[in-house]
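Have a look at input30.txt; it's compact mmCIF, C-alpha atoms:
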# COMPACT_ATOMS: atom_id res chain seq x y z
CA MET V 1 25.76 -67.93 38.28
CA ILE V 2 22.72 -65.73 37.95
CA PHE V 3 22.62 -62.93 35.43
CA HIS V 4 20.40 -59.90 36.09
CA PHE V 5 19.16 -58.19 32.91
CA LYS V 6 18.08 -54.54 33.20
CA ARG V 7 14.72 -53.94 31.59
CA LEU V 8 14.94 -51.28 28.88
CA ASP V 9 12.40 -48.46 29.06
CA LEU V 10 11.66 -48.17 25.38
CA ASN V 11 9.03 -45.49 25.87
CA ARG V 12 11.46 -43.22 27.69
CA ASN V 13 14.10 -43.51 24.99
CA LYS V 14 11.49 -42.93 22.33
CA ASN V 15 10.44 -39.67 23.96
CA VAL V 16 14.04 -38.52 24.16
CA LYS V 17 14.38 -38.95 20.40
CA VAL V 18 10.99 -37.51 19.50
CA LEU V 19 11.50 -34.19 21.32
CA PRO V 20 14.44 -32.92 19.19
CA VAL V 21 12.74 -34.08 15.99
CA THR V 22 9.55 -32.23 16.91
CA LEU V 23 11.51 -29.08 17.64
CA LEU V 24 13.38 -29.39 14.35
CA ILE V 25 10.16 -29.80 12.35
CA THR V 26 8.59 -26.82 14.16
CA PHE V 27 11.66 -24.68 13.43
CA LEU V 28 11.66 -25.66 9.74
CA LEU V 29 7.96 -24.87 9.41
CA PHE V 30 8.61 -21.46 11.00
CA ILE V 31 11.43 -20.75 8.51
CA ILE V 32 9.26 -21.82 5.58
CA GLN V 33 6.46 -19.57 6.83
CA LEU V 34 8.86 -16.62 7.09
CA ASN V 35 10.21 -17.21 3.60
CA THR V 36 6.73 -17.55 2.18
CA HIS V 37 5.65 -14.34 3.91
CA ALA V 38 8.75 -12.52 2.61
CA SER V 39 8.26 -13.76 -0.94
CA THR V 40 4.61 -12.69 -1.03
CA ASN V 41 5.66 -9.18 -0.01
CA ARG V 42 8.62 -8.93 -2.41
CA THR V 43 8.12 -5.49 -3.95
CA THR V 44 9.75 -3.57 -6.80
CA LEU V 45 9.18 0.18 -6.99
CA LEU V 46 9.16 1.07 -10.70
CA THR V 47 10.39 4.54 -11.62
CA PRO V 48 10.89 6.32 -14.98
CA PRO V 49 14.41 7.53 -15.90
CA SER V 50 13.71 11.07 -14.64
CA PRO V 51 11.23 10.72 -11.78
CA GLY V 52 9.95 13.54 -9.61
CA GLU V 53 12.12 13.17 -6.50
CA PHE V 54 9.27 14.34 -4.26
CA TYR V 55 6.95 11.50 -5.28
CA TYR V 56 9.53 8.77 -4.91
CA GLU V 57 10.85 10.01 -1.59
CA VAL V 58 7.27 9.88 -0.30
CA ALA V 59 6.88 6.30 -1.60
CA GLN V 60 10.15 5.18 -0.04
CA GLU V 61 9.18 6.70 3.32
CA ILE V 62 5.94 4.70 3.35
CA PHE V 63 7.76 1.43 2.62
CA LYS V 64 10.34 2.32 5.27
CA ILE V 65 7.66 2.80 7.95
CA THR V 66 6.11 -0.54 6.98
CA GLY V 67 9.50 -2.24 7.23
CA ALA V 68 9.16 -3.61 3.70
CA ASN V 69 12.23 -4.64 1.74
CA VAL V 70 11.76 -2.78 -1.56
CA LYS V 71 14.08 -2.49 -4.54
CA THR V 72 13.88 0.38 -7.05
CA GLN V 73 13.99 -0.35 -10.76
CA ILE V 74 14.22 2.21 -13.60
CA GLU V 75 11.84 1.55 -16.51
CA SER V 76 10.16 3.58 -19.25
CA TYR V 77 6.49 4.42 -18.69
CA PRO V 78 5.18 1.88 -21.23
CA SER V 79 7.26 -0.83 -19.55
CA ILE V 80 6.10 0.24 -16.09
CA TYR V 81 2.42 -0.10 -16.91
CA LYS V 82 3.02 -3.31 -18.87
CA LYS V 83 4.56 -4.87 -15.76
CA MET V 84 1.91 -3.39 -13.45
CA ASN V 85 -0.85 -4.84 -15.64
CA SER V 86 0.78 -8.23 -16.20
CA THR V 87 0.60 -9.49 -12.62
CA THR V 88 -1.84 -12.26 -11.67
CA PRO V 89 -2.99 -13.43 -8.21
CA GLU V 90 -0.25 -16.10 -8.42
CA SER V 91 2.57 -13.64 -9.27
CA LYS V 92 5.27 -13.55 -6.61
CA GLU V 93 6.65 -10.12 -7.55
CA ILE V 94 4.59 -7.15 -6.37
CA TYR V 95 5.05 -3.93 -8.34
CA ALA V 96 4.54 -0.37 -7.15
CA THR V 97 4.75 2.97 -8.93
CA ILE V 98 3.51 6.54 -8.83
CA ALA V 99 0.37 6.70 -10.97
CA VAL V 100 -2.32 9.20 -11.87
CA LEU V 101 -5.63 8.27 -10.28
CA ASN V 102 -8.45 8.12 -12.83
CA GLU V 103 -11.49 6.04 -13.75
CA ASN V 104 -9.34 3.66 -15.80
CA ASN V 105 -7.01 2.50 -13.04
CA ILE V 106 -8.93 3.12 -9.79
CA LYS V 107 -9.92 -0.58 -9.82
CA LYS V 108 -6.71 -1.89 -11.38
CA TYR V 109 -4.36 -1.12 -8.49
CA HIS V 110 -4.43 -0.67 -4.74
CA ASN V 111 -4.42 3.05 -3.93
CA ILE V 112 -2.04 3.18 -0.95
CA LEU V 113 -1.90 6.98 -0.56
CA ASN V 114 -3.08 10.03 -2.48
CA ILE V 115 0.17 12.00 -2.64
CA ILE V 116 -0.83 15.28 -4.27
CA SER V 117 -3.44 16.76 -6.62
CA ILE V 118 -2.43 19.08 -9.47
CA GLU V 119 -4.44 20.96 -12.10
CA THR V 120 -3.76 20.28 -15.76
CA SER V 121 -4.32 23.07 -18.28
CA PHE V 122 -3.78 24.17 -21.85
CA TYR V 123 -1.05 26.79 -22.30
CA THR V 124 -0.54 29.22 -25.16
CA LEU V 125 1.82 32.17 -25.62
CA LYS V 126 0.39 35.58 -24.72
CA ASP V 127 1.66 37.22 -27.90
CA SER V 128 0.08 34.54 -30.11
CA LYS V 129 -3.41 35.79 -29.14
CA LYS V 130 -4.79 32.23 -29.41
CA ASN V 131 -8.05 31.71 -27.54
CA SER V 132 -8.13 28.65 -25.27
CA LYS V 133 -10.53 29.50 -22.46
CA THR V 134 -13.13 26.89 -23.41
CA VAL V 135 -12.93 23.28 -24.60
CA ASP V 136 -14.36 24.25 -28.02
CA GLU V 137 -11.72 26.96 -28.50
CA VAL V 138 -8.97 24.47 -27.65
CA LYS V 139 -10.35 21.86 -30.05
CA ASN V 140 -10.22 24.47 -32.84
CA LEU V 141 -6.51 25.20 -32.35
CA LYS V 142 -4.17 24.09 -35.13
CA GLY V 143 -2.00 21.83 -32.96
CA ILE V 144 -1.65 20.88 -29.29
CA CYS V 145 1.59 19.35 -28.11
CA VAL V 146 1.41 16.69 -25.42
CA TRP V 147 4.07 14.49 -23.84
CA LEU V 148 3.78 11.07 -25.47
CA ASP V 149 4.34 8.96 -22.31
CA SER V 150 1.95 11.03 -20.23
CA VAL V 151 -1.47 9.64 -19.30
CA LEU V 152 -2.73 13.11 -20.22
CA ASN V 153 -2.24 12.19 -23.89
CA LYS V 154 -4.65 9.25 -23.54
CA TYR V 155 -7.07 11.42 -21.59
CA LEU V 156 -7.32 13.98 -24.40
CA ILE V 157 -7.79 11.27 -27.03
CA ASN V 158 -10.67 9.88 -24.98
CA GLN V 159 -12.14 13.40 -24.82
CA GLY V 160 -12.33 13.58 -28.62
CA PHE V 161 -9.29 15.76 -29.40
CA HIS V 162 -7.98 15.26 -32.95
CA ASN V 163 -5.40 18.07 -33.00
CA LEU V 164 -2.81 16.43 -30.74
CA ILE V 165 0.91 16.28 -31.54
CA PRO V 166 2.55 13.82 -29.13
CA VAL V 167 6.34 14.02 -28.69
CA PRO V 168 8.83 12.02 -26.55
CA THR V 169 9.69 14.76 -24.00
CA LEU V 170 8.06 17.75 -22.36
CA ASN V 171 11.12 19.88 -23.22
CA GLN V 172 10.41 19.23 -26.89
CA CYS V 173 6.80 20.33 -26.36
CA VAL V 174 7.92 23.56 -24.74
CA ASN V 175 10.36 24.30 -27.56
CA MET V 176 7.63 23.69 -30.14
CA LEU V 177 5.31 26.11 -28.35
CA TYR V 178 7.91 28.89 -28.07
CA THR V 179 8.99 28.49 -31.71
CA GLY V 180 5.40 28.58 -32.98
CA LYS V 181 5.27 24.98 -34.26
CA VAL V 182 2.16 24.34 -32.13
CA ASP V 183 -0.58 26.65 -30.86
CA ALA V 184 -0.72 25.18 -27.36
CA LEU V 185 0.55 22.46 -25.08
CA TYR V 186 -1.16 20.47 -22.37
CA SER V 187 0.55 19.95 -19.03
CA SER V 188 0.37 20.51 -15.31
CA GLU V 189 1.95 23.80 -14.28
CA ALA V 190 4.93 22.61 -12.22
CA PRO V 191 6.75 20.50 -14.83
CA LEU V 192 5.96 23.05 -17.54
CA ILE V 193 7.56 25.93 -15.62
CA LYS V 194 10.49 23.73 -14.63
CA SER V 195 11.03 22.75 -18.26
CA ALA V 196 10.81 26.36 -19.50
CA LYS V 197 13.35 27.50 -16.91
CA THR V 198 15.67 24.61 -17.77
CA LEU V 199 15.56 25.75 -21.41
CA ASP V 200 16.16 29.36 -20.29
CA LEU V 201 12.82 30.53 -21.66
CA ASP V 202 10.67 33.36 -20.29
CA VAL V 203 7.82 31.76 -18.28
CA THR V 204 5.98 35.11 -18.12
CA LYS V 205 5.11 34.66 -21.80
CA LEU V 206 2.91 31.67 -20.98
CA LYS V 207 -0.87 32.09 -20.84
CA LYS V 208 -2.97 29.56 -18.95
CA GLY V 209 -6.18 28.50 -20.65
CA TYR V 210 -8.85 25.84 -20.19
CA THR V 211 -8.32 23.58 -17.15
CA PRO V 212 -10.22 20.33 -17.70
CA MET V 213 -9.27 18.36 -14.62
CA ARG V 214 -7.27 17.92 -11.46
CA VAL V 215 -4.77 15.10 -11.53
CA THR V 216 -4.20 13.11 -8.35
CA PHE V 217 -0.92 11.27 -8.06
CA PHE V 218 -0.97 8.21 -5.81
CA LEU V 219 1.21 5.30 -4.75
CA ALA V 220 -0.12 2.33 -6.72
CA LEU V 221 0.37 -1.31 -5.74
CA THR V 222 -0.51 -4.29 -7.92
CA LYS V 223 -3.52 -6.42 -7.00
CA ASN V 224 -1.49 -9.55 -6.22
CA ALA V 225 -0.42 -7.97 -2.91
CA SER V 226 -1.97 -9.62 0.15
CA LYS V 227 -4.72 -7.84 2.08
CA GLU V 228 -2.49 -7.78 5.15
CA TYR V 229 0.35 -6.11 3.22
CA VAL V 230 -1.99 -3.54 1.65
CA LYS V 231 -3.45 -2.74 5.08
CA LYS V 232 0.03 -2.27 6.58
CA LEU V 233 1.11 0.07 3.77
CA THR V 234 -2.15 2.04 3.96
CA ASN V 235 -1.73 2.48 7.71
CA SER V 236 1.90 3.51 7.16
CA GLY V 237 0.68 6.14 4.68
CA LYS V 238 -1.74 7.55 7.27
CA GLN V 239 0.98 7.50 9.93
CA PHE V 240 3.40 9.21 7.52
CA LYS V 241 0.99 12.09 6.85
CA SER V 242 -0.13 12.53 10.47
CA SER V 243 3.47 12.57 11.76
CA GLY V 244 4.28 15.75 9.84
CA ARG V 245 6.97 14.00 7.80
CA TYR V 246 4.92 14.46 4.60
CA ASP V 247 4.81 18.24 5.16
CA GLU V 248 8.57 18.30 5.72
CA ILE V 249 9.22 16.59 2.38
CA LEU V 250 6.65 18.79 0.63
CA ASP V 251 8.39 21.93 1.93
CA LYS V 252 11.73 20.50 0.83
CA TYR V 253 10.53 20.17 -2.78
CA ARG V 254 8.07 23.10 -2.85
CA LYS V 255 10.27 25.13 -5.20
CA ASP V 256 10.81 22.17 -7.52
CA LEU V 257 7.07 21.57 -7.59
CA PHE V 258 6.46 25.32 -8.08
CA LEU V 259 3.83 25.28 -5.35
CA PRO V 260 2.73 28.53 -3.67
CA GLN V 261 4.48 29.37 -0.42
For this file, produce the structure as structure tokens.
Amino acid sequence: MIFHFKRLDLNRNKNVKVLPVTLLITFLLFIIQLNTHASTNRTTLLTPPSPGEFYYEVAQEIFKITGANVKTQIESYPSIYKKMNSTTPESKEIYATIAVLNENNIKKYHNILNIISIETSFYTLKDSKKNSKTVDEVKNLKGICVWLDSVLNKYLINQGFHNLIPVPTLNQCVNMLYTGKVDALYSSEAPLIKSAKTLDLDVTKLKKGYTPMRVTFFLALTKNASKEYVKKLTNSGKQFKSSGRYDEILDKYRKDLFLPQ
């Protein structure tokens, strides 16, 4: 009796096994790459307890155009800037907020989009007859109220003002001005008028004085964001403005911002 043994093609069987394994490894590497990409772009939009709705709607629109998955987190201003300044190149969490563009932070954060520029001025009451047209006149006033959390407070300190009275809220500043506890307050016009109207005070009694600077609000992103992500957000900001969507939102909040028609 003769037995015929069939020769096994080991190479063929080996290839059959290798193909699924190769595909599996490729798929896993793709998943890992996606997860890594997602984690590097994980962004938290930090907002104070009472944010300007205009600014944060603009920010959310930009992230929406980019397709970024962003969560919003409420923090006080000191906590916001502490988190913004604590990131390192290795930090996985990217933070964003609405900041005032100045020489101190222009290199700290990525400036994604200049949202709006607003003048900041000193305000007195007309019937107080306090002179505040020049910087020297303002420095000679008895007391200037400024919102404690505002970057404007730090700006005035850096400019050599020693007559500042910082308080926790702008409403408190406005009350102090109208009751004669301070000679002036320092603010941009829109929130000041809004605050006065909220407190049912006569805004026509306000007198605008020295205007030291224009404040530009911008969408700030921490430096640990990848160049690709920053580029995408910047392009989304340009697309957002050119599409006319920015103007629509600005018109929607024009009264709240007390901008001219």
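For the residues V:Leu201, V:Lys126, V:Asn102, V:Lys107, ranking by smallest atom-to-atom distance to Lys154 (chain V) using all atoms listed in the file places V:Asn102 first.
Taking only C-alpha atoms into account, Thr124 (chain V) lies nearest to V:Ser187 out of the set V:Gln172, V:Asn153, V:Ser187, V:Asn158.
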Item to complete: For Ala99 (chain V), please output as a PyMOL selection string all residues within 8 Å (counting all atoms listed in the file; exclusion window: fewer than 2 positions along the same chain).
Response: chain V and resi 97+101+217-220
Fill in: Residues within 10 Å of (-6.1, 13.4, -27.2), counting only C-alpha atoms, listed as a PyMOL selection string
chain V and resi 139+144-146+151-166+186
Discussion item. Can you tell me which residues surround Glu57 (chain V) at a distance of at most 8 Å, considering all atoms listed in the file, apart from same-chain residues fewer than 4 positions away, and format the answer as a list of chain:residue names?
Written reply: V:Glu53, V:Glu61, V:Ile249
Discussion item. Can you measure CA of Ala59 (chain V) to CA of Ile115 (chain V) for me? One decimal in Å is fine.
Written reply: 8.9 Å
Practice prompt. Place a sphere of radius 7 Å on (-0.1, 21.3, -18.6) in the file coordinates and name every protein, DNA or RNA residue with an atom inside or on its surface, counting all atoms listed in the file; give the answer as a PyMOL selection string.
Written response: chain V and resi 120-123+185-189+192
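Taking CA of Lys241 (chain V) and CA of Glu103 (chain V) as the two end points, the separation is 24.8 Å.
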Worksheet item: Which is closest to Trp147 (chain V) among V:Val174, V:Leu125, V:Ile80, V:Val135, if we use all atoms listed in the file?
Response: V:Val174
Worksheet item: What separation in Å, quoted to one decimal, exists between CA of His110 (chain V) and CA of Phe240 (chain V)?
Response: 17.6 Å
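Minimum distance to Lys130 (chain V) across V:Asp247, V:Leu148, V:Gly209, V:Gly67 (counting all atoms listed in the file) occurs at V:Gly209.
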Worksheet entry | Among the residues V:Asn175, V:Gln73, V:Thr134, V:Asn114, the one that comes closest to Lys208 (chain V) [using all atoms listed in the file] |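 Using all atoms listed in the file, the shortest distance to Lys208 (chain V) belongs to V:Thr134.
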Worksheet, complete the sentence: Between V:Thr47, V:Thr234, V:Gln239, V:Ser128, smallest distance to Gly180 (chain V) by all atoms listed in the file belongs to V:Ser128
